[in-house]
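A.B. asks: Dropping in model-v2.csv, which is CSV, C-alpha atoms and all ligand atoms:
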chain,number,residue,atom,x,y,z
A,936,MET,CA,-4.1,0.1,-21.1
A,937,VAL,CA,-4.1,-3.0,-18.8
A,938,ASP,CA,-7.6,-3.8,-17.7
A,939,THR,CA,-8.8,-6.1,-14.9
A,940,HIS,CA,-9.6,-9.0,-17.3
A,941,SER,CA,-6.0,-9.4,-18.4
A,942,THR,CA,-5.0,-10.2,-14.8
A,943,ASN,CA,-7.9,-12.5,-14.0
A,944,SER,CA,-5.9,-15.8,-14.4
A,945,LEU,CA,-3.0,-14.7,-12.2
A,946,LYS,CA,-2.5,-15.8,-8.6
A,947,ILE,CA,-3.0,-12.6,-6.6
A,948,ILE,CA,-3.3,-12.1,-2.9
A,949,ALA,CA,-4.7,-8.6,-2.2
A,950,ILE,CA,-4.0,-7.2,1.2
A,951,ASP,CA,-5.8,-4.0,2.2
A,952,GLY,CA,-6.1,-2.1,5.5
A,953,PRO,CA,-5.1,1.1,7.2
A,954,ALA,CA,-1.7,2.2,8.3
A,955,GLY,CA,-0.1,0.0,11.0
A,956,SER,CA,-2.5,-2.9,10.4
A,957,GLY,CA,0.4,-5.2,9.6
A,958,LYS,CA,0.1,-5.4,5.8
A,959,SER,CA,3.8,-5.2,5.0
A,960,THR,CA,4.9,-7.6,7.6
A,961,VAL,CA,2.3,-10.2,6.7
A,962,ALA,CA,2.9,-9.7,2.9
A,963,ARG,CA,6.7,-10.4,3.4
A,964,ALA,CA,6.0,-13.5,5.5
A,965,LEU,CA,3.6,-14.9,2.9
A,966,SER,CA,6.0,-14.1,0.1
A,967,GLU,CA,8.7,-16.2,1.8
A,968,ILE,CA,6.4,-19.2,2.2
A,969,LEU,CA,4.6,-19.0,-1.2
A,970,GLY,CA,7.5,-17.7,-3.3
A,971,LEU,CA,5.4,-14.9,-4.7
A,972,SER,CA,6.7,-11.3,-5.2
A,973,VAL,CA,5.3,-8.4,-3.1
A,974,LEU,CA,4.2,-5.0,-4.4
A,975,ASP,CA,3.8,-2.2,-1.8
A,976,THR,CA,1.5,0.2,-3.6
A,977,GLY,CA,1.7,2.7,-0.7
A,978,ALA,CA,5.4,3.1,-1.7
A,979,MET,CA,4.2,4.0,-5.3
A,980,TYR,CA,2.0,6.8,-3.9
A,981,ARG,CA,4.8,7.9,-1.6
A,982,SER,CA,7.3,8.0,-4.6
A,983,VAL,CA,4.9,10.2,-6.6
A,984,ALA,CA,4.3,12.5,-3.5
A,985,LEU,CA,8.1,12.8,-3.1
A,986,VAL,CA,8.6,14.0,-6.7
A,987,VAL,CA,5.6,16.3,-6.5
A,988,LEU,CA,7.1,17.9,-3.4
A,989,GLU,CA,10.6,18.1,-4.7
A,990,SER,CA,9.5,19.7,-8.0
A,991,GLY,CA,7.4,22.3,-6.1
A,992,THR,CA,4.3,21.2,-7.9
A,993,PRO,CA,1.1,22.4,-6.0
A,994,LEU,CA,-1.0,19.5,-4.8
A,995,GLU,CA,-3.9,21.3,-6.6
A,996,ASP,CA,-2.2,20.9,-10.0
A,997,PHE,CA,-3.8,17.5,-10.8
A,998,LYS,CA,-2.6,17.5,-14.3
A,999,GLU,CA,1.1,17.9,-13.4
A,1000,CYS,CA,0.7,15.4,-10.5
A,1001,ALA,CA,-0.8,12.9,-13.0
A,1002,ARG,CA,2.1,13.5,-15.4
A,1003,ILE,CA,4.5,12.7,-12.7
A,1004,ALA,CA,2.6,9.5,-11.8
A,1005,ASN,CA,2.7,8.4,-15.4
A,1006,GLU,CA,6.3,9.3,-16.2
A,1007,ILE,CA,8.5,8.7,-13.1
A,1008,GLU,CA,10.7,5.6,-13.1
A,1009,ILE,CA,9.7,3.8,-9.9
A,1010,ASN,CA,11.4,0.6,-9.1
A,1011,LEU,CA,10.3,-1.2,-6.0
A,1012,ASP,CA,12.2,-4.6,-6.4
A,1013,HIS,CA,14.9,-3.8,-3.8
A,1014,GLY,CA,13.6,-1.0,-1.7
A,1015,ALA,CA,12.2,2.1,-3.4
A,1016,ARG,CA,14.3,3.6,-6.3
A,1017,LEU,CA,13.7,6.5,-8.6
A,1018,GLY,CA,15.8,5.4,-11.6
A,1019,SER,CA,19.1,4.7,-9.8
A,1020,ARG,CA,18.4,6.9,-6.8
A,1021,ASP,CA,17.6,5.2,-3.5
A,1022,ILE,CA,14.5,7.0,-2.1
A,1023,GLU,CA,13.5,4.4,0.6
A,1024,LYS,CA,14.3,6.8,3.5
A,1025,GLU,CA,12.8,9.9,1.9
A,1026,ILE,CA,9.5,8.3,1.1
A,1027,ARG,CA,9.0,7.3,4.7
A,1028,GLY,CA,9.9,10.7,6.1
A,1029,PRO,CA,7.4,13.2,7.6
A,1030,GLU,CA,7.0,15.5,4.6
A,1031,VAL,CA,6.0,12.7,2.3
A,1032,THR,CA,3.8,11.1,5.0
A,1033,THR,CA,2.0,14.4,5.5
A,1034,ALA,CA,1.4,15.0,1.7
A,1035,VAL,CA,0.8,11.4,0.4
A,1036,SER,CA,-3.0,11.1,1.2
A,1037,LYS,CA,-3.7,14.3,-0.7
A,1038,VAL,CA,-1.7,13.0,-3.7
A,1039,ALA,CA,-3.4,9.6,-3.4
A,1040,ALA,CA,-6.8,11.3,-3.6
A,1041,ILE,CA,-6.2,12.7,-7.0
A,1042,PRO,CA,-8.2,10.6,-9.5
A,1043,GLU,CA,-5.8,11.0,-12.4
A,1044,VAL,CA,-2.9,9.9,-10.1
A,1045,ARG,CA,-4.8,6.8,-9.2
A,1046,VAL,CA,-5.6,5.9,-12.8
A,1047,ALA,CA,-1.9,6.1,-13.6
A,1048,LEU,CA,-0.7,4.0,-10.6
A,1049,VAL,CA,-3.5,1.4,-10.9
A,1050,ALA,CA,-2.4,0.7,-14.5
A,1051,ARG,CA,1.2,0.3,-13.3
A,1052,GLN,CA,0.1,-2.0,-10.5
A,1053,ARG,CA,-1.8,-4.3,-13.0
A,1054,GLN,CA,1.2,-4.2,-15.4
A,1055,TRP,CA,3.5,-5.2,-12.4
A,1056,ALA,CA,1.2,-8.2,-11.8
A,1057,LEU,CA,1.5,-9.3,-15.5
A,1058,ASP,CA,5.2,-8.8,-15.5
A,1059,HIS,CA,5.7,-10.8,-12.2
A,1060,GLY,CA,3.1,-13.6,-13.0
A,1061,GLY,CA,0.9,-12.5,-10.1
A,1062,GLY,CA,2.0,-11.8,-6.5
A,1063,ILE,CA,1.0,-10.3,-3.2
A,1064,VAL,CA,-0.2,-6.7,-3.5
A,1065,GLU,CA,-0.8,-4.5,-0.5
A,1066,GLY,CA,-2.6,-1.2,-0.3
A,1067,ARG,CA,-6.0,0.4,0.3
A,1068,ASP,CA,-8.0,-0.5,-2.9
A,1069,ILE,CA,-6.4,-3.6,-4.1
A,1070,GLY,CA,-9.3,-6.0,-3.5
A,1071,THR,CA,-12.0,-3.5,-4.4
A,1072,VAL,CA,-10.5,-1.7,-7.5
A,1073,VAL,CA,-7.2,-2.9,-8.7
A,1074,PHE,CA,-7.7,-6.7,-8.6
A,1075,PRO,CA,-11.4,-7.3,-8.0
A,1076,ASN,CA,-10.9,-10.9,-9.1
A,1077,ALA,CA,-7.9,-11.6,-6.9
A,1078,THR,CA,-7.4,-15.2,-5.8
A,1079,LEU,CA,-7.8,-14.2,-2.2
A,1080,LYS,CA,-8.7,-10.8,-0.6
A,1081,VAL,CA,-7.5,-10.0,2.9
A,1082,PHE,CA,-8.5,-6.9,5.0
A,1083,LEU,CA,-6.3,-6.3,8.0
A,1084,THR,CA,-7.3,-4.1,11.0
A,1085,ALA,CA,-5.9,-3.4,14.4
A,1086,ARG,CA,-6.8,-1.3,17.4
A,1087,ASP,CA,-5.8,2.4,16.9
A,1088,SER,CA,-3.5,2.3,19.9
A,1089,GLU,CA,-1.7,-0.7,18.6
A,1090,ARG,CA,-1.4,0.8,15.1
A,1091,ALA,CA,0.2,3.9,16.6
A,1092,ARG,CA,2.6,1.8,18.7
A,1093,ARG,CA,3.7,-0.1,15.6
A,1094,ARG,CA,4.2,3.0,13.5
A,1095,GLN,CA,6.1,4.7,16.3
A,1096,SER,CA,8.4,1.7,16.6
A,1097,ASP,CA,9.0,2.0,12.7
A,1098,GLU,CA,9.9,5.7,13.3
A,1099,VAL,CA,12.4,4.8,16.1
A,1100,SER,CA,14.0,2.2,13.8
A,1101,ALA,CA,14.4,4.9,11.2
A,1102,GLN,CA,16.0,7.1,13.8
A,1103,ARG,CA,13.2,9.6,13.9
A,1104,SER,CA,11.9,10.5,17.3
A,1105,ILE,CA,8.2,11.2,17.6
A,1106,ALA,CA,5.8,10.8,20.5
A,1107,VAL,CA,3.2,8.1,20.2
A,1108,ASP,CA,0.4,10.6,20.6
A,1109,GLU,CA,1.6,12.5,17.6
A,1110,VAL,CA,1.8,9.3,15.5
A,1111,ALA,CA,-1.7,8.5,16.6
A,1112,GLN,CA,-3.0,11.9,15.4
A,1113,GLU,CA,-1.2,11.6,12.0
A,1114,ILE,CA,-2.6,8.1,11.5
A,1115,ALA,CA,-6.1,9.3,12.4
A,1116,ARG,CA,-5.7,12.2,9.9
A,1117,ARG,CA,-4.6,9.9,7.1
A,1118,ASP,CA,-7.3,7.3,7.9
A,1119,HIS,CA,-9.9,10.0,7.6
A,1120,LEU,CA,-8.6,11.3,4.2
A,1121,ASP,CA,-8.1,7.7,2.9
A,1122,SER,CA,-11.5,6.5,3.9
A,1123,THR,CA,-13.6,9.6,2.9
A,1124,ARG,CA,-12.0,10.4,-0.5
A,1125,ALA,CA,-14.4,10.3,-3.5
A,1126,VAL,CA,-12.3,7.8,-5.6
A,1127,SER,CA,-11.4,4.3,-4.3
A,1128,PRO,CA,-11.7,5.0,-0.6
A,1129,LEU,CA,-10.3,2.6,1.9
A,1130,VAL,CA,-13.1,0.1,2.5
A,1131,ALA,CA,-13.2,-3.7,3.1
A,1132,ASP,CA,-14.4,-5.7,0.1
A,1133,PRO,CA,-17.4,-7.8,1.2
A,1134,ASP,CA,-15.5,-10.9,0.0
A,1135,ALA,CA,-12.4,-10.2,2.0
A,1136,LEU,CA,-11.1,-12.3,4.8
A,1137,SER,CA,-11.1,-9.7,7.7
A,1138,ILE,CA,-8.5,-10.2,10.4
A,1139,ASP,CA,-7.8,-8.1,13.5
A,1140,THR,CA,-4.1,-8.4,14.0
A,1141,SER,CA,-4.0,-6.5,17.4
A,1142,ASP,CA,-3.5,-9.6,19.6
A,1143,ASN,CA,-2.3,-12.2,17.1
A,1144,SER,CA,1.3,-13.1,16.2
A,1145,VAL,CA,2.4,-12.7,12.6
A,1146,ASN,CA,2.6,-16.5,12.4
A,1147,GLU,CA,-1.0,-16.8,13.5
A,1148,VAL,CA,-2.2,-14.3,11.0
A,1149,VAL,CA,-0.2,-15.8,8.2
A,1150,ALA,CA,-1.5,-19.3,9.1
A,1151,GLU,CA,-5.1,-18.1,8.9
A,1152,ILE,CA,-4.5,-16.6,5.5
A,1153,LEU,CA,-2.8,-19.7,4.2
A,1154,ARG,CA,-5.7,-21.8,5.4
A,1155,HIS,CA,-8.1,-19.7,3.3
A,1156,TYR,CA,-5.6,-19.7,0.3
A,1157,SER,CA,-5.4,-23.5,0.4
A,1158,ALA,CA,-9.2,-23.7,0.7
A,1159,LYS,CA,-9.3,-22.0,-2.7
A,1160,GLY,CA,-7.3,-24.8,-4.2
A,1161,GLU,CA,-4.0,-22.8,-4.1
A,1162,GLN,CA,-0.8,-23.7,-2.3
B,1201,LIG,O1,0.6,2.1,3.2
B,1201,LIG,P1,1.2,3.5,3.3
B,1201,LIG,O2,1.0,4.2,4.6
B,1201,LIG,O3,2.7,3.5,2.8
B,1201,LIG,O4,0.4,4.3,2.2
B,1201,LIG,C1,0.7,5.7,1.9
B,1201,LIG,C2,-0.6,6.4,1.5
B,1201,LIG,O5,-0.9,6.0,0.2
B,1201,LIG,C3,-1.8,6.2,2.4
B,1201,LIG,O6,-2.0,7.3,3.2
B,1201,LIG,C4,-2.9,6.0,1.4
B,1201,LIG,C5,-2.3,5.9,0.0
B,1201,LIG,N1,-2.5,4.6,-0.6
B,1201,LIG,C6,-3.7,4.5,-1.4
B,1201,LIG,O7,-4.4,5.5,-1.5
B,1201,LIG,N2,-3.9,3.4,-2.2
B,1201,LIG,C7,-3.1,2.4,-2.1
B,1201,LIG,N3,-3.4,1.3,-2.8
B,1201,LIG,C8,-2.0,2.4,-1.3
B,1201,LIG,C9,-1.7,3.5,-0.5
In structure tokens, write the structure found in this file.
Ligand code: DC
C.D. replies:
Amino acid sequence: MVDTHSTNSLKIIAIDGPAGSGKSTVARALSEILGLSVLDTGAMYRSVALVVLESGTPLEDFKECARIANEIEINLDHGARLGSRDIEKEIRGPEVTTAVSKVAAIPEVRVALVARQRQWALDHGGGIVEGRDIGTVVFPNATLKVFLTARDSERARRRQSDEVSAQRSIAVDEVAQEIARRDHLDSTRAVSPLVADPDALSIDTSDNSVNEVVAEILRHYSAKGEQ
């Protein structure tokens, strides 16, 4: 079992925040500048949710959900893959999006995926890790912790534009409702709820360009003696 101590000496930037706050965009931009790998932990929870749904496992069957989380072969190095199967499109689809917060609230599933996330950091010599509990639970000693937020209307606009890019048509009001439902489930669950770590650099990305957000993060990263 990989514990937090074994990852303490790694360079890790933890990026947490709700859906549509800009985590993935900012993580990718930082990765290009710093040459660090990126782990999208939301894609891990989505991959588990996909297999849970496809196997017909009831979301109440915690034991079977945990078995799936422990055993499935998730590869996120070039888009999401399950073994050799490309699942990038399916994990972003409406069925998985509806189920994922319930799967992510299962404590046994979180234990399994947190261990995999720490192992990923060891295997990659650190990196940029984005999610909901990265600075609070997964890497409490991360080099830098960032918490991104944005206005609800802006987050819904961004997610709707992702949906349009994926050729799914959905009204912005419906996206806003779905985000509010997930925010509620993610922030009120008993285990590892979405919450800003007191040490995190908090940035509202609503009215800032990606470059401005990245520049602010890099300033704080350099101030910690990193480059
Ligand atoms: O970032 P995303 O929308 O792809 O995340 C999908 C879901 O996974 C989200 O509703 C909450 C959950 N999640 C989590 O509980 N912990 C993480 N570290 C990452 C995601």
A.B. asks: Taking all atoms listed in the file and a cut-off of 8 Å, can you tell me which residues surround ligand LIG 1201 (chain B), written as a ChimeraX atom specification?
C.D. replies: /A:951,953-955,958,975-981,1027,1032,1035-1036,1039-1040,1045,1065-1069,1117-1118,1120-1121,1127-1129
A.B. asks: Pick the closest to His1155 (chain A) from A:Leu1079, A:Val987, A:Glu1113, A:Asp1108: which is it, counting only C-alpha atoms?
C.D. replies: A:Leu1079
A.B. asks: So which residues touch region 1019-1026 of chain A within 12 Å, counting only C-alpha atoms, skipping near sequence neighbours fewer than 6 positions away, as number ranges by chain?
C.D. replies: A: 975, 977-989, 1007-1013, 1032-1035, 1097-1098, 1100-1103
A.B. asks: What lies within 12 Å of Ser1096 (chain A) using all atoms listed in the file, ignoring chain neighbours under 6 positions off, as a list in words?
C.D. replies: Gly955, Glu1089, Arg1090, Gln1102, Arg1103, Ser1104, Ile1105, Ala1106, Val1107 and Val1110 of chain A
A.B. asks: Can you measure CA of Asn1076 (chain A) to CA of Ser956 (chain A) for me? One decimal in Å is fine.
C.D. replies: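 Interatomic distance here is 22.7 Å.
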A.B. asks: Show me, as lines of an AutoDock Vina configuration file, the centre and edge lengths in Å to one decimal of the axis-aligned box that covers every listed atom of region 1136-1140 of chain A with 8 Å on each side.
C.D. replies:
center_x = -7.6
center_y = -10.2
center_z = 9.4
size_x = 23.0
size_y = 20.2
size_z = 25.2
A.B. asks: List as a list of chain:residue names the protein and nucleic acid residues near Leu1136 (chain A), meaning an atom at most 8 Å away when all atoms listed in the file are counted, but skip any in the same chain fewer than 4 places from it.
C.D. replies: A:Leu1079, A:Lys1080, A:Val1081, A:Phe1082, A:Ile1152
A.B. asks: Quick one, how far is CA of Arg1124 (chain A) from CA of His940 (chain A)?
C.D. replies: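 Distance reported for this atom pair: 25.8 Å.
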A.B. asks: List the residues sitting within 12 Å of (1.4, -1.8, -13.6) in the file's frame, using all atoms listed in the file, as a PyMOL selection string.
C.D. replies: chain A and resi 936-939+941-942+974+976+979+1004-1005+1008-1011+1045-1061+1064+1073-1074
A.B. asks: For the selection you just gave me, I'd like the residues written to a file as an mmCIF file, in the coordinates of the input, keeping C-alpha atoms.
C.D. replies:
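Output below, filename part-v2.cif:
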data_model
loop_
_atom_site.group_PDB
_atom_site.id
_atom_site.type_symbol
_atom_site.label_atom_id
_atom_site.label_comp_id
_atom_site.auth_asym_id
_atom_site.auth_seq_id
_atom_site.Cartn_x
_atom_site.Cartn_y
_atom_site.Cartn_z
ATOM 1 C CA MET A 936 -4.100 0.100 -21.100
ATOM 2 C CA VAL A 937 -4.100 -3.000 -18.800
ATOM 3 C CA ASP A 938 -7.600 -3.800 -17.700
ATOM 4 C CA THR A 939 -8.800 -6.100 -14.900
ATOM 5 C CA SER A 941 -6.000 -9.400 -18.400
ATOM 6 C CA THR A 942 -5.000 -10.200 -14.800
ATOM 7 C CA LEU A 974 4.200 -5.000 -4.400
ATOM 8 C CA THR A 976 1.500 0.200 -3.600
ATOM 9 C CA MET A 979 4.200 4.000 -5.300
ATOM 10 C CA ALA A 1004 2.600 9.500 -11.800
ATOM 11 C CA ASN A 1005 2.700 8.400 -15.400
ATOM 12 C CA GLU A 1008 10.700 5.600 -13.100
ATOM 13 C CA ILE A 1009 9.700 3.800 -9.900
ATOM 14 C CA ASN A 1010 11.400 0.600 -9.100
ATOM 15 C CA LEU A 1011 10.300 -1.200 -6.000
ATOM 16 C CA ARG A 1045 -4.800 6.800 -9.200
ATOM 17 C CA VAL A 1046 -5.600 5.900 -12.800
ATOM 18 C CA ALA A 1047 -1.900 6.100 -13.600
ATOM 19 C CA LEU A 1048 -0.700 4.000 -10.600
ATOM 20 C CA VAL A 1049 -3.500 1.400 -10.900
ATOM 21 C CA ALA A 1050 -2.400 0.700 -14.500
ATOM 22 C CA ARG A 1051 1.200 0.300 -13.300
ATOM 23 C CA GLN A 1052 0.100 -2.000 -10.500
ATOM 24 C CA ARG A 1053 -1.800 -4.300 -13.000
ATOM 25 C CA GLN A 1054 1.200 -4.200 -15.400
ATOM 26 C CA TRP A 1055 3.500 -5.200 -12.400
ATOM 27 C CA ALA A 1056 1.200 -8.200 -11.800
ATOM 28 C CA LEU A 1057 1.500 -9.300 -15.500
ATOM 29 C CA ASP A 1058 5.200 -8.800 -15.500
ATOM 30 C CA HIS A 1059 5.700 -10.800 -12.200
ATOM 31 C CA GLY A 1060 3.100 -13.600 -13.000
ATOM 32 C CA GLY A 1061 0.900 -12.500 -10.100
ATOM 33 C CA VAL A 1064 -0.200 -6.700 -3.500
ATOM 34 C CA VAL A 1073 -7.200 -2.900 -8.700
ATOM 35 C CA PHE A 1074 -7.700 -6.700 -8.600
#
A.B. asks: Would you work out the distance separating CA of Ala1125 (chain A) from CA of Pro1042 (chain A), expressed in Å to one decimal?
C.D. replies: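 A separation of 8.6 Å between them.
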A.B. asks: So which one's closest to Leu965 (chain A), A:Val1148, A:Ile1041, A:Leu994, A:Ala1131? Using only C-alpha atoms, please.
C.D. replies: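 Closest residue, counting only C-alpha atoms: A:Val1148.
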A.B. asks: Within 7 Å of (-8.0, -11.8, -9.7), all atoms listed in the file: residues as a list in words?
C.D. replies: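 Protein, DNA and RNA residues close to (-8.0, -11.8, -9.7): Thr942, Asn943, Ser944, Leu945, Lys946, Ile947, Phe1074, Pro1075, Asn1076, Ala1077 and Thr1078 of chain A.
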A.B. asks: For each of A:Asp1087, A:Glu1006, A:Asp1132, A:Glu1109, take the minimum atom-to-atom distance to Gly1018 (chain A), counting all atoms listed in the file, then give the residue where this is smallest.
C.D. replies: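 The answer is A:Glu1006, which sits nearest to Gly1018 (chain A).
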A.B. asks: When you count all atoms listed in the file, which of these residues is closest to Gly1028 (chain A): A:Val1099, A:Val1149, A:Asp1139, A:Asp1134?
C.D. replies: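 Residue with the minimum atom-to-atom distance to Gly1028 (chain A): A:Val1099.
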A.B. asks: Please output region 1015-1028 of chain A, rebuilt to include N, CA and C atoms, as a CSV table (one decimal), keeping the file's coordinate frame.
C.D. replies:
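Result went into result-v8.csv, see below:
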chain,number,residue,atom,x,y,z
A,1015,ALA,N,12.7,1.2,-2.4
A,1015,ALA,CA,12.2,2.1,-3.4
A,1015,ALA,C,13.3,2.9,-4.1
A,1016,ARG,N,13.3,2.9,-5.5
A,1016,ARG,CA,14.3,3.6,-6.3
A,1016,ARG,C,13.5,4.4,-7.3
A,1017,LEU,N,14.2,5.6,-7.6
A,1017,LEU,CA,13.7,6.5,-8.6
A,1017,LEU,C,14.8,6.4,-9.7
A,1018,GLY,N,14.6,5.7,-10.7
A,1018,GLY,CA,15.8,5.4,-11.6
A,1018,GLY,C,16.8,4.7,-10.7
A,1019,SER,N,18.1,5.3,-10.6
A,1019,SER,CA,19.1,4.7,-9.8
A,1019,SER,C,19.2,5.3,-8.4
A,1020,ARG,N,18.3,6.3,-8.1
A,1020,ARG,CA,18.4,6.9,-6.8
A,1020,ARG,C,17.6,6.2,-5.7
A,1021,ASP,N,18.3,5.9,-4.6
A,1021,ASP,CA,17.6,5.2,-3.5
A,1021,ASP,C,16.7,6.2,-2.7
A,1022,ILE,N,15.4,6.0,-2.7
A,1022,ILE,CA,14.5,7.0,-2.1
A,1022,ILE,C,13.8,6.4,-0.9
A,1023,GLU,N,14.2,5.2,-0.5
A,1023,GLU,CA,13.5,4.4,0.6
A,1023,GLU,C,13.3,5.3,1.8
A,1024,LYS,N,14.4,6.0,2.2
A,1024,LYS,CA,14.3,6.8,3.5
A,1024,LYS,C,13.4,8.0,3.3
A,1025,GLU,N,13.6,8.7,2.2
A,1025,GLU,CA,12.8,9.9,1.9
A,1025,GLU,C,11.3,9.7,1.9
A,1026,ILE,N,10.9,8.5,1.2
A,1026,ILE,CA,9.5,8.3,1.1
A,1026,ILE,C,8.8,8.0,2.4
A,1027,ARG,N,9.6,7.6,3.4
A,1027,ARG,CA,9.0,7.3,4.7
A,1027,ARG,C,9.1,8.5,5.7
A,1028,GLY,N,9.7,9.6,5.2
A,1028,GLY,CA,9.9,10.7,6.1
A,1028,GLY,C,8.6,11.5,6.3
